[in-house]
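Below is input-v9.cif, holding mmCIF, C-alpha atoms and all ligand atoms.
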data_work
#
loop_
_atom_site.label_atom_id
_atom_site.label_comp_id
_atom_site.auth_asym_id
_atom_site.auth_seq_id
_atom_site.Cartn_x
_atom_site.Cartn_y
_atom_site.Cartn_z
CA MET H 1 -24.07 6.18 8.74
CA VAL H 2 -24.16 5.54 5.00
CA TRP H 3 -20.61 5.54 3.71
CA ARG H 4 -19.99 8.02 0.89
CA GLY H 5 -16.22 8.00 0.73
CA LEU H 6 -13.35 9.76 2.44
CA ILE H 7 -14.05 13.38 1.51
CA ALA H 8 -17.65 13.09 2.75
CA ALA H 9 -16.39 11.55 5.99
CA PHE H 10 -13.25 13.58 6.68
CA GLY H 11 -13.27 16.51 4.25
CA ASP H 12 -13.32 19.10 7.03
CA ARG H 13 -9.91 17.80 8.16
CA MET H 14 -8.40 17.81 4.65
CA ASN H 15 -6.43 20.62 3.14
CA ILE H 16 -7.96 20.42 -0.37
CA SER H 17 -10.28 22.55 -2.45
CA LYS H 18 -14.00 22.23 -1.71
CA ALA H 19 -14.94 24.06 -4.93
CA VAL H 20 -16.19 20.94 -6.73
CA PRO H 21 -18.13 17.88 -5.55
CA PRO H 22 -15.85 15.02 -4.43
CA VAL H 23 -14.63 12.64 -7.13
CA THR H 24 -15.18 9.42 -5.24
CA LEU H 25 -15.73 5.69 -5.59
CA PHE H 26 -16.66 5.48 -1.88
CA GLU H 27 -13.11 4.44 -0.98
CA GLY H 28 -11.88 3.93 2.59
CA ASN H 29 -13.70 2.40 5.54
CA THR H 30 -11.71 -0.81 5.04
CA PRO H 31 -11.83 -3.48 7.76
CA LEU H 32 -9.32 -3.90 10.56
CA ILE H 33 -9.24 -7.68 10.82
CA PRO H 34 -7.88 -9.45 13.91
CA ALA H 35 -5.18 -12.03 13.14
CA PRO H 36 -5.36 -14.26 16.22
CA ARG H 37 -3.49 -17.26 14.88
CA LEU H 38 -0.54 -15.37 13.49
CA GLY H 39 -0.64 -13.01 16.47
CA ALA H 40 -0.48 -15.88 18.98
CA SER H 41 2.49 -17.43 17.22
CA LEU H 42 4.32 -14.09 17.44
CA GLY H 43 3.19 -13.31 20.98
CA VAL H 44 1.40 -10.08 19.98
CA ASP H 45 -2.13 -8.73 19.60
CA LEU H 46 -2.17 -8.48 15.81
CA PHE H 47 -4.59 -6.70 13.46
CA LEU H 48 -4.58 -6.33 9.68
CA LYS H 49 -5.74 -3.12 8.00
CA TYR H 50 -6.94 -4.67 4.76
CA GLU H 51 -6.50 -1.91 2.21
CA GLY H 52 -6.94 -4.34 -0.67
CA LEU H 53 -10.69 -3.83 -0.23
CA ASN H 54 -10.59 -0.30 -1.63
CA PRO H 55 -12.44 0.20 -4.96
CA THR H 56 -9.45 -0.47 -7.22
CA GLY H 57 -7.81 -2.91 -4.82
CA SER H 58 -5.20 -0.80 -3.05
CA PHE H 59 -4.76 2.04 -0.56
CA LYS H 60 -3.87 4.33 -3.47
CA ASP H 61 -7.59 5.12 -3.78
CA ARG H 62 -7.43 7.07 -0.51
CA GLY H 63 -5.05 9.58 -2.03
CA MET H 64 -6.60 9.50 -5.48
CA THR H 65 -10.03 10.75 -4.39
CA THR H 66 -8.34 13.86 -3.00
CA ALA H 67 -5.75 14.30 -5.77
CA ILE H 68 -8.32 14.01 -8.57
CA THR H 69 -10.85 16.18 -6.73
CA GLN H 70 -8.14 18.83 -6.30
CA ALA H 71 -7.15 18.49 -9.97
CA ALA H 72 -10.82 18.92 -10.98
CA ALA H 73 -11.10 22.04 -8.83
CA GLU H 74 -8.04 23.43 -10.63
CA GLY H 75 -9.63 22.70 -14.01
CA ALA H 76 -7.33 19.86 -15.07
CA GLU H 77 -8.41 17.83 -18.08
CA THR H 78 -5.49 15.41 -18.10
CA VAL H 79 -3.65 13.71 -15.25
CA ILE H 80 -0.36 11.83 -15.36
CA CYS H 81 1.55 9.51 -13.04
CA ALA H 82 4.43 7.09 -12.96
CA SER H 83 3.47 3.84 -11.36
CA THR H 84 4.55 0.38 -10.34
CA GLY H 85 0.89 -0.47 -11.04
CA ASN H 86 -1.52 0.41 -8.27
CA THR H 87 -1.26 4.16 -8.70
CA ALA H 88 -1.93 3.62 -12.40
CA ALA H 89 -5.10 1.63 -11.81
CA SER H 90 -6.33 4.07 -9.19
CA ALA H 91 -5.54 7.22 -11.19
CA ALA H 92 -7.21 5.69 -14.25
CA ALA H 93 -10.39 4.88 -12.33
CA TYR H 94 -10.72 8.26 -10.65
CA ALA H 95 -9.86 10.09 -13.88
CA SER H 96 -12.68 8.22 -15.63
CA ARG H 97 -14.98 9.15 -12.79
CA ALA H 98 -14.04 12.81 -13.27
CA GLY H 99 -14.21 12.71 -17.08
CA MET H 100 -10.48 13.31 -17.43
CA GLN H 101 -7.79 11.76 -19.58
CA CYS H 102 -5.22 9.67 -17.70
CA VAL H 103 -1.67 8.92 -18.84
CA VAL H 104 0.41 6.40 -16.90
CA LEU H 105 4.08 5.51 -17.25
CA ILE H 106 5.04 2.03 -16.14
CA PRO H 107 8.46 0.41 -15.89
CA ASP H 108 8.84 -1.97 -18.80
CA GLY H 109 7.86 -5.57 -18.01
CA LYS H 110 7.71 -5.11 -14.23
CA ILE H 111 4.04 -4.64 -13.54
CA ALA H 112 1.68 -7.25 -12.09
CA LEU H 113 -1.05 -8.42 -14.44
CA GLY H 114 -4.02 -7.37 -12.29
CA LYS H 115 -2.71 -3.81 -12.09
CA LEU H 116 -2.14 -3.48 -15.82
CA ALA H 117 -5.59 -4.98 -16.39
CA GLY H 118 -7.10 -2.32 -14.15
CA ALA H 119 -5.35 0.60 -15.79
CA LEU H 120 -6.33 -0.63 -19.26
CA ALA H 121 -9.92 -1.43 -18.28
CA TYR H 122 -10.45 2.07 -16.89
CA GLY H 123 -9.28 3.46 -20.22
CA ALA H 124 -5.95 5.01 -19.33
CA ARG H 125 -3.26 5.67 -21.90
CA VAL H 126 -0.63 3.23 -20.60
CA ILE H 127 2.95 3.75 -21.77
CA ALA H 128 5.82 1.47 -20.81
CA ILE H 129 9.26 3.01 -20.62
CA SER H 130 12.55 1.19 -20.83
CA GLY H 131 13.59 2.36 -17.41
CA SER H 132 12.72 2.10 -13.73
CA PHE H 133 9.92 3.63 -11.71
CA ASP H 134 12.35 6.34 -10.63
CA ASP H 135 13.00 7.24 -14.29
CA GLY H 136 9.25 7.39 -14.85
CA LEU H 137 8.73 9.70 -11.89
CA ARG H 138 11.39 12.07 -13.18
CA MET H 139 9.68 12.12 -16.59
CA VAL H 140 6.16 12.82 -15.31
CA ARG H 141 7.44 15.60 -13.02
CA GLU H 142 9.01 17.27 -16.05
CA ALA H 143 5.98 16.64 -18.25
CA SER H 144 3.66 18.29 -15.73
CA ASP H 145 5.99 21.31 -15.59
CA LYS H 146 6.06 21.67 -19.37
CA ALA H 147 2.40 20.96 -20.23
CA PRO H 148 -1.04 21.52 -18.66
CA ILE H 149 -1.16 18.11 -17.02
CA ALA H 150 -1.81 17.46 -13.32
CA LEU H 151 0.70 15.17 -11.59
CA VAL H 152 -1.00 12.69 -9.23
CA ASN H 153 1.97 10.80 -7.81
CA SER H 154 2.40 10.99 -4.04
CA VAL H 155 4.72 14.01 -4.41
CA ASN H 156 1.35 15.76 -4.87
CA PRO H 157 0.38 16.96 -1.36
CA ALA H 158 -3.33 16.27 -2.00
CA ARG H 159 -2.49 12.54 -2.08
CA LEU H 160 -1.35 12.59 1.55
CA GLU H 161 -4.47 14.50 2.58
CA GLY H 162 -6.49 11.45 1.57
CA GLN H 163 -4.04 8.78 2.71
CA LYS H 164 -3.72 10.17 6.23
CA THR H 165 -7.34 9.16 6.92
CA ALA H 166 -6.24 5.54 7.33
CA ALA H 167 -4.59 6.51 10.63
CA TRP H 168 -7.92 7.82 11.93
CA GLU H 169 -9.80 4.71 10.81
CA VAL H 170 -7.26 2.45 12.53
CA THR H 171 -7.56 4.38 15.80
CA GLU H 172 -11.34 4.29 15.73
CA GLN H 173 -11.55 0.62 14.79
CA LEU H 174 -9.01 -0.46 17.38
CA GLY H 175 -10.45 1.81 20.06
CA SER H 176 -6.96 3.20 20.70
CA VAL H 177 -3.75 4.03 18.90
CA PRO H 178 -1.73 0.84 18.25
CA ASP H 179 1.66 0.38 19.91
CA TRP H 180 3.20 -0.35 16.52
CA LEU H 181 2.11 0.30 12.94
CA CYS H 182 3.96 -1.86 10.40
CA LEU H 183 3.91 -1.24 6.68
CA PRO H 184 5.84 -1.64 3.43
CA VAL H 185 7.84 1.37 2.25
CA GLY H 186 8.35 2.19 -1.42
CA ASN H 187 8.11 5.86 -2.30
CA ALA H 188 7.41 6.46 1.41
CA GLY H 189 4.19 8.38 0.77
CA ASN H 190 2.09 6.02 2.87
CA ILE H 191 4.32 5.98 5.96
CA SER H 192 4.48 9.80 5.76
CA ALA H 193 0.69 10.03 5.44
CA TYR H 194 -0.01 7.74 8.41
CA TRP H 195 2.36 9.82 10.52
CA LEU H 196 0.61 13.00 9.40
CA GLY H 197 -2.75 11.49 10.36
CA PHE H 198 -1.64 10.32 13.80
CA THR H 199 0.11 13.62 14.45
CA GLU H 200 -2.92 15.69 13.45
CA SER H 201 -5.06 13.67 15.88
CA GLY H 202 -3.04 15.20 18.67
CA GLY H 203 -3.07 12.17 20.98
CA ASP H 204 -0.84 9.13 21.37
CA ARG H 205 1.09 8.04 18.33
CA PRO H 206 2.29 4.56 17.41
CA ARG H 207 5.86 3.52 16.82
CA LEU H 208 6.38 2.95 13.10
CA LEU H 209 7.99 -0.15 11.65
CA GLY H 210 8.78 0.29 7.96
CA ALA H 211 9.90 -2.57 5.75
CA GLN H 212 11.76 -2.29 2.47
CA ALA H 213 12.66 -5.12 0.13
CA ALA H 214 16.32 -6.09 0.50
CA GLY H 215 16.98 -5.41 -3.20
CA ALA H 216 15.28 -1.99 -3.01
CA ALA H 217 16.17 -0.63 0.41
CA PRO H 218 17.57 2.89 -0.10
CA ILE H 219 16.37 4.25 3.25
CA VAL H 220 17.82 1.31 5.17
CA LEU H 221 21.12 1.52 3.29
CA GLY H 222 21.27 5.32 3.34
CA HIS H 223 21.87 5.67 -0.38
CA VAL H 224 20.00 5.59 -3.69
CA VAL H 225 19.70 2.12 -5.25
CA ASP H 226 20.25 2.46 -9.00
CA GLN H 227 18.76 -0.84 -10.03
CA PRO H 228 16.18 -1.87 -7.46
CA GLU H 229 15.22 -5.54 -7.64
CA THR H 230 12.46 -7.42 -5.85
CA MET H 231 9.47 -9.54 -6.73
CA ALA H 232 7.50 -7.16 -4.48
CA THR H 233 7.04 -4.84 -7.45
CA ALA H 234 4.98 -2.18 -5.64
CA ILE H 235 8.03 -1.31 -3.51
CA ARG H 236 10.63 -1.72 -6.22
CA ILE H 237 11.84 1.85 -5.79
CA GLY H 238 15.43 3.02 -5.50
CA ASN H 239 14.99 6.71 -4.71
CA PRO H 240 11.85 7.39 -2.64
CA ALA H 241 10.13 10.71 -3.31
CA ARG H 242 9.31 11.17 0.38
CA TRP H 243 12.57 9.83 1.78
CA LYS H 244 13.30 12.75 4.15
CA GLN H 245 9.74 12.89 5.43
CA ALA H 246 9.77 9.16 6.14
CA GLU H 247 13.05 9.44 8.03
CA ALA H 248 11.61 12.23 10.16
CA ALA H 249 8.50 10.16 10.90
CA LEU H 250 10.59 7.13 11.83
CA GLN H 251 12.73 9.20 14.15
CA GLU H 252 9.84 11.07 15.80
CA SER H 253 7.99 7.80 16.40
CA ASN H 254 11.05 6.09 17.86
CA GLY H 255 10.48 3.60 15.08
CA ASN H 256 12.51 1.32 12.93
CA ILE H 257 13.07 0.55 9.27
CA LEU H 258 14.56 -2.71 8.07
CA ALA H 259 15.11 -4.72 4.92
CA VAL H 260 13.39 -8.04 4.31
CA THR H 261 14.35 -10.52 1.64
CA ASP H 262 11.97 -11.68 -1.06
CA GLU H 263 11.90 -15.09 0.67
CA GLU H 264 10.82 -13.48 3.94
CA ILE H 265 8.17 -11.39 2.16
CA PHE H 266 6.88 -14.41 0.32
CA ALA H 267 6.71 -16.52 3.48
CA ALA H 268 4.69 -13.82 5.26
CA TYR H 269 2.42 -13.51 2.20
CA ARG H 270 1.69 -17.25 2.31
CA ARG H 271 1.10 -17.25 6.07
CA LEU H 272 -1.43 -14.40 5.84
CA ALA H 273 -3.48 -16.31 3.29
CA THR H 274 -3.18 -19.82 4.73
CA GLU H 275 -3.32 -18.99 8.47
CA GLU H 276 -5.66 -16.00 8.48
CA GLY H 277 -7.55 -16.21 5.18
CA VAL H 278 -6.36 -12.77 4.12
CA PHE H 279 -4.96 -12.59 0.61
CA CYS H 280 -2.80 -9.56 -0.12
CA GLU H 281 -0.24 -8.88 -2.80
CA PRO H 282 3.40 -9.77 -2.03
CA SER H 283 4.53 -6.17 -1.38
CA SER H 284 1.74 -5.79 1.17
CA ALA H 285 3.18 -8.61 3.26
CA ALA H 286 6.50 -6.80 3.72
CA GLY H 287 5.28 -5.12 6.91
CA VAL H 288 4.35 -8.49 8.40
CA ALA H 289 7.67 -9.95 7.24
CA GLY H 290 9.46 -7.06 8.94
CA LEU H 291 7.52 -7.60 12.15
CA ILE H 292 8.34 -11.32 12.18
CA LYS H 293 12.02 -10.55 11.61
CA ARG H 294 12.17 -7.92 14.36
CA ILE H 295 10.40 -10.18 16.83
CA ASN H 296 12.94 -12.91 16.14
CA GLU H 297 15.74 -10.43 16.82
CA ASP H 298 14.30 -8.68 19.87
CA ARG H 299 11.00 -9.83 21.30
CA THR H 300 10.75 -7.35 24.18
CA ALA H 301 9.61 -4.26 22.23
CA TYR H 302 6.70 -6.22 20.74
CA GLU H 303 5.57 -8.85 23.24
CA GLY H 304 1.89 -8.49 24.16
CA ARG H 305 1.58 -5.23 22.21
CA LYS H 306 -1.26 -4.08 19.99
CA ILE H 307 0.15 -4.16 16.50
CA VAL H 308 -1.45 -3.14 13.22
CA CYS H 309 0.03 -4.31 9.93
CA VAL H 310 -1.17 -2.43 6.87
CA LEU H 311 -1.92 -4.75 3.95
CA THR H 312 -1.66 -2.26 1.13
CA GLY H 313 -3.12 -4.14 -1.84
CA HIS H 314 -5.28 -7.11 -2.81
CA GLY H 315 -3.80 -10.51 -3.65
CA LEU H 316 -5.65 -10.74 -6.96
CA LYS H 317 -3.54 -7.85 -8.23
CA ASP H 318 -0.71 -10.28 -8.77
CA PRO H 319 -2.07 -13.69 -9.81
CA ASP H 320 1.33 -14.89 -11.04
CA SER H 321 2.84 -14.60 -7.57
CA ALA H 322 -0.13 -16.41 -6.09
CA VAL H 323 0.35 -19.55 -8.15
CA ARG H 324 4.15 -19.52 -8.25
CA GLY H 325 5.68 -22.50 -6.50
CA ILE H 326 2.35 -24.27 -6.04
CA PRO H 327 1.69 -27.36 -8.19
CA ALA H 328 -1.14 -26.99 -10.72
CA PRO H 329 -4.40 -28.66 -9.62
CA GLU H 330 -4.47 -32.41 -10.31
CA THR H 331 -7.15 -33.74 -12.65
CA ILE H 332 -9.19 -36.79 -11.63
CA PRO H 333 -12.10 -38.64 -13.25
CA ALA H 334 -15.61 -37.38 -12.32
CA ASP H 335 -15.97 -40.14 -9.73
CA VAL H 336 -16.66 -39.50 -6.05
CA ASP H 337 -14.75 -42.58 -4.89
CA VAL H 338 -11.64 -41.41 -6.70
CA LEU H 339 -12.17 -37.97 -5.13
CA LEU H 340 -12.37 -39.35 -1.61
CA LYS H 341 -9.35 -41.52 -2.18
CA SER H 342 -7.35 -38.61 -3.55
CA ILE H 343 -8.07 -36.50 -0.44
CA GLY H 344 -7.21 -39.44 1.82
CA MET H 345 -10.68 -40.29 3.12
C1 LIG J 1 2.24 2.00 -3.45
C2 LIG J 1 2.30 0.74 -2.71
C3 LIG J 1 3.19 0.52 -1.64
C4 LIG J 1 4.22 1.53 -1.24
O1 LIG J 1 3.67 2.72 -0.74
P1 LIG J 1 4.56 4.04 -0.74
O2 LIG J 1 3.63 5.11 -0.38
O3 LIG J 1 5.11 4.16 -2.12
O4 LIG J 1 5.65 3.81 0.25
C5 LIG J 1 3.14 -0.67 -0.97
N1 LIG J 1 2.28 -1.63 -1.31
C6 LIG J 1 1.42 -1.47 -2.33
C7 LIG J 1 0.49 -2.59 -2.66
C8 LIG J 1 1.39 -0.30 -3.05
O5 LIG J 1 0.55 -0.17 -4.08
#

For the structure just supplied, provide its representation as structure tokens.
Amino acid sequence: MVWRGLIAAFGDRMNISKAVPPVTLFEGNTPLIPAPRLGASLGVDLFLKYEGLNPTGSFKDRGMTTAITQAAAEGAETVICASTGNTAASAAAYASRAGMQCVVLIPDGKIALGKLAGALAYGARVIAISGSFDDGLRMVREASDKAPIALVNSVNPARLEGQKTAAWEVTEQLGSVPDWLCLPVGNAGNISAYWLGFTESGGDRPRLLGAQAAGAAPIVLGHVVDQPETMATAIRIGNPARWKQAEAALQESNGNILAVTDEEIFAAYRRLATEEGVFCEPSSAAGVAGLIKRINEDRTAYEGRKIVCVLTGHGLKDPDSAVRGIPAPETIPADVDVLLKSIGM
């Protein structure tokens, strides 16, 4: 089958308008990559759903094809979102595709360079606010109430209609439903969407393992975090929009949510790249960090199980994190003998 994006593939199972042709960049259909080395060291059968290979480099494209198609069907000419970065890049790309204006609000100074580059390249109007993501979300909700602007954050139900398709892809690629699905949790749209997808399939469902950053862990702590802090900027969220829905999903799945420190996230991020050759952004490694932490606490629920970790965004989104803590490349003369000596041969 020639791949023509998520609405072409799954539109009959999506609750969105079919009045206009899909606005698509042929998103979805991302690989489920086995992680045998990391899996063996953890004693599990581990797979990575590499969402960084979507058209703008994150899973946000799954929900944006549906949200922008729905907005087009409703006659929207301008869309708006608050974003820690990936939603901005995705909304900007799909808005361009649809011939719409896109306005994005970003928290001042807290956005990874590759995400800002995307949003700007796609021609969005990017506005930084002196406030957090949560402040931005409040502002765009109000703006879309007061003016004819379509809101495309994951509070928009059309977003989940697209994002839920990842659950179906995972099941098909694995040949069964995994025992555990592990993923980072920020606004909790993605964990809610996966659960919706697995539930709509009507068969077995995985247990969910959600991971929040320790400095931005409202669901784990049970209260809003006023000043969320983490270098995993995509999950730097103190008041998740889909908090209640995520809690219900975690409970129904007999799952777990835990906090992981930036050090634990960063260690998992390095291991994915150096042991498996899969480069994701730091936030994306939170699910793996959570899995490693849980296995160290209580091996029995995980041992020998089929486990899928969702890697939500591409490593090139955040080049600064990639080079942090690694010495700059050494410079040598253009001499092969010096080269061999410097690599110890
Ligand atoms: C948006 C995002 C998340 C968090 O997803 P939520 O739906 O907000 O929980 C995690 N990782 C990356 C890379 C993201 O862009």

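Comparing H:Glu297, H:Asp179, H:Glu74, H:Glu51 by their smallest distance to H:Ala19, the closest is H:Glu74 (using all atoms listed in the file).
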
Could you give me, as a short mmCIF file (atom, residue, chain, number, x, y, z; two decimals) with C-alpha atoms, in the coordinates of the input, every polymer residue with an atom at most 9 Å away from an atom of ligand LIG 1 (chain J), counting only C-alpha atoms and all ligand atoms?
data_model
loop_
_atom_site.label_atom_id
_atom_site.label_comp_id
_atom_site.auth_asym_id
_atom_site.auth_seq_id
_atom_site.Cartn_x
_atom_site.Cartn_y
_atom_site.Cartn_z
CA GLU H 51 -6.50 -1.91 2.21
CA GLY H 52 -6.94 -4.34 -0.67
CA GLY H 57 -7.81 -2.91 -4.82
CA SER H 58 -5.20 -0.80 -3.05
CA PHE H 59 -4.76 2.04 -0.56
CA LYS H 60 -3.87 4.33 -3.47
CA SER H 83 3.47 3.84 -11.36
CA THR H 84 4.55 0.38 -10.34
CA GLY H 85 0.89 -0.47 -11.04
CA ASN H 86 -1.52 0.41 -8.27
CA THR H 87 -1.26 4.16 -8.70
CA SER H 154 2.40 10.99 -4.04
CA LEU H 183 3.91 -1.24 6.68
CA PRO H 184 5.84 -1.64 3.43
CA VAL H 185 7.84 1.37 2.25
CA GLY H 186 8.35 2.19 -1.42
CA ASN H 187 8.11 5.86 -2.30
CA ALA H 188 7.41 6.46 1.41
CA GLY H 189 4.19 8.38 0.77
CA ASN H 190 2.09 6.02 2.87
CA ILE H 191 4.32 5.98 5.96
CA SER H 192 4.48 9.80 5.76
CA ALA H 193 0.69 10.03 5.44
CA GLN H 212 11.76 -2.29 2.47
CA ALA H 232 7.50 -7.16 -4.48
CA THR H 233 7.04 -4.84 -7.45
CA ALA H 234 4.98 -2.18 -5.64
CA ILE H 235 8.03 -1.31 -3.51
CA ARG H 236 10.63 -1.72 -6.22
CA ILE H 237 11.84 1.85 -5.79
CA PRO H 240 11.85 7.39 -2.64
CA ALA H 241 10.13 10.71 -3.31
CA ARG H 242 9.31 11.17 0.38
CA ALA H 246 9.77 9.16 6.14
CA CYS H 280 -2.80 -9.56 -0.12
CA GLU H 281 -0.24 -8.88 -2.80
CA PRO H 282 3.40 -9.77 -2.03
CA SER H 283 4.53 -6.17 -1.38
CA SER H 284 1.74 -5.79 1.17
CA ALA H 285 3.18 -8.61 3.26
CA ALA H 286 6.50 -6.80 3.72
CA VAL H 310 -1.17 -2.43 6.87
CA LEU H 311 -1.92 -4.75 3.95
CA THR H 312 -1.66 -2.26 1.13
CA GLY H 313 -3.12 -4.14 -1.84
CA HIS H 314 -5.28 -7.11 -2.81
CA LYS H 317 -3.54 -7.85 -8.23
#

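Of the residues under consideration (H:Lys244, H:Lys110, H:Lys49, H:Lys164), H:Lys164 shows the shortest atom-to-atom contact distance to H:Arg62 when counting all atoms listed in the file.
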
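For the pair atom CA of H:Ala158 and atom CA of H:Ala67, the interatomic distance is 4.9 Å.
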
Practice task
May I ask for the distance between atom CA of H:Ala117 and atom CA of H:Asn54, given in Å to one decimal place?
Solution key: 16.3 Å

Handout entry: Residue neighbourhood H:Gln251, 12 Å, only C-alpha atoms, exclusion window fewer than 4 positions, as a PyMOL selection string
Key = chain H and resi 192+195+206-210+244-247+255-257

Handout entry: Polymer residues at most 6 Å from H:Ile307, only C-alpha atoms, same-chain spacing of 5 or more positions, as a PyMOL selection string
Key = chain H and resi 45-46+178-180

Handout entry: Nearest-residue call for H:Asp108, choices H:Ser41, H:Leu32, H:Leu120, H:Ile129, using all atoms listed in the file
Key = H:Ile129

Let me have the centre and edge lengths of the axis-aligned box enclosing all listed atoms of stretch 173-176 of chain H with 8 Å padding on every side, in Å to one decimal, as AutoDock Vina command-line options.
--center_x -9.3 --center_y 1.4 --center_z 17.7 --size_x 20.6 --size_y 19.7 --size_z 21.9

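Among the candidates H:Asp12, H:Glu276, H:Glu169, H:Asp226, the one nearest to H:Gly28 when counting only C-alpha atoms is H:Glu169.
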
Expected file content for stretch 289-300 of chain H, N, CA and C atoms, as an mmCIF file, in the first residue's frame:
data_model
loop_
_atom_site.group_PDB
_atom_site.id
_atom_site.type_symbol
_atom_site.label_atom_id
_atom_site.label_comp_id
_atom_site.auth_asym_id
_atom_site.auth_seq_id
_atom_site.Cartn_x
_atom_site.Cartn_y
_atom_site.Cartn_z
ATOM 1 N N ALA H 289 13.460 6.115 30.814
ATOM 2 C CA ALA H 289 14.012 6.367 32.149
ATOM 3 C C ALA H 289 13.064 5.829 33.219
ATOM 4 N N GLY H 290 11.778 6.027 33.004
ATOM 5 C CA GLY H 290 10.781 5.523 33.958
ATOM 6 C C GLY H 290 10.784 4.006 34.019
ATOM 7 N N LEU H 291 10.905 3.384 32.863
ATOM 8 C CA LEU H 291 10.951 1.915 32.810
ATOM 9 C C LEU H 291 12.176 1.389 33.563
ATOM 10 N N ILE H 292 13.324 1.999 33.313
ATOM 11 C CA ILE H 292 14.554 1.562 33.984
ATOM 12 C C ILE H 292 14.392 1.696 35.503
ATOM 13 N N LYS H 293 13.815 2.804 35.916
ATOM 14 C CA LYS H 293 13.642 3.046 37.357
ATOM 15 C C LYS H 293 12.700 2.016 37.978
ATOM 16 N N ARG H 294 11.590 1.754 37.305
ATOM 17 C CA ARG H 294 10.613 0.781 37.832
ATOM 18 C C ARG H 294 11.203 -0.621 37.899
ATOM 19 N N ILE H 295 11.977 -0.966 36.874
ATOM 20 C CA ILE H 295 12.574 -2.306 36.859
ATOM 21 C C ILE H 295 13.569 -2.452 38.018
ATOM 22 N N ASN H 296 14.273 -1.380 38.315
ATOM 23 C CA ASN H 296 15.200 -1.441 39.448
ATOM 24 C C ASN H 296 14.469 -1.562 40.779
ATOM 25 N N GLU H 297 13.240 -1.056 40.824
ATOM 26 C CA GLU H 297 12.469 -1.131 42.072
ATOM 27 C C GLU H 297 11.759 -2.473 42.222
ATOM 28 N N ASP H 298 11.196 -2.961 41.073
ATOM 29 C CA ASP H 298 10.362 -4.162 41.138
ATOM 30 C C ASP H 298 10.366 -4.845 39.778
ATOM 31 N N ARG H 299 11.254 -5.794 39.636
ATOM 32 C CA ARG H 299 11.498 -6.443 38.350
ATOM 33 C C ARG H 299 10.321 -7.292 37.868
ATOM 34 N N THR H 300 9.553 -7.848 38.813
ATOM 35 C CA THR H 300 8.621 -8.935 38.472
ATOM 36 C C THR H 300 7.542 -8.536 37.463
#
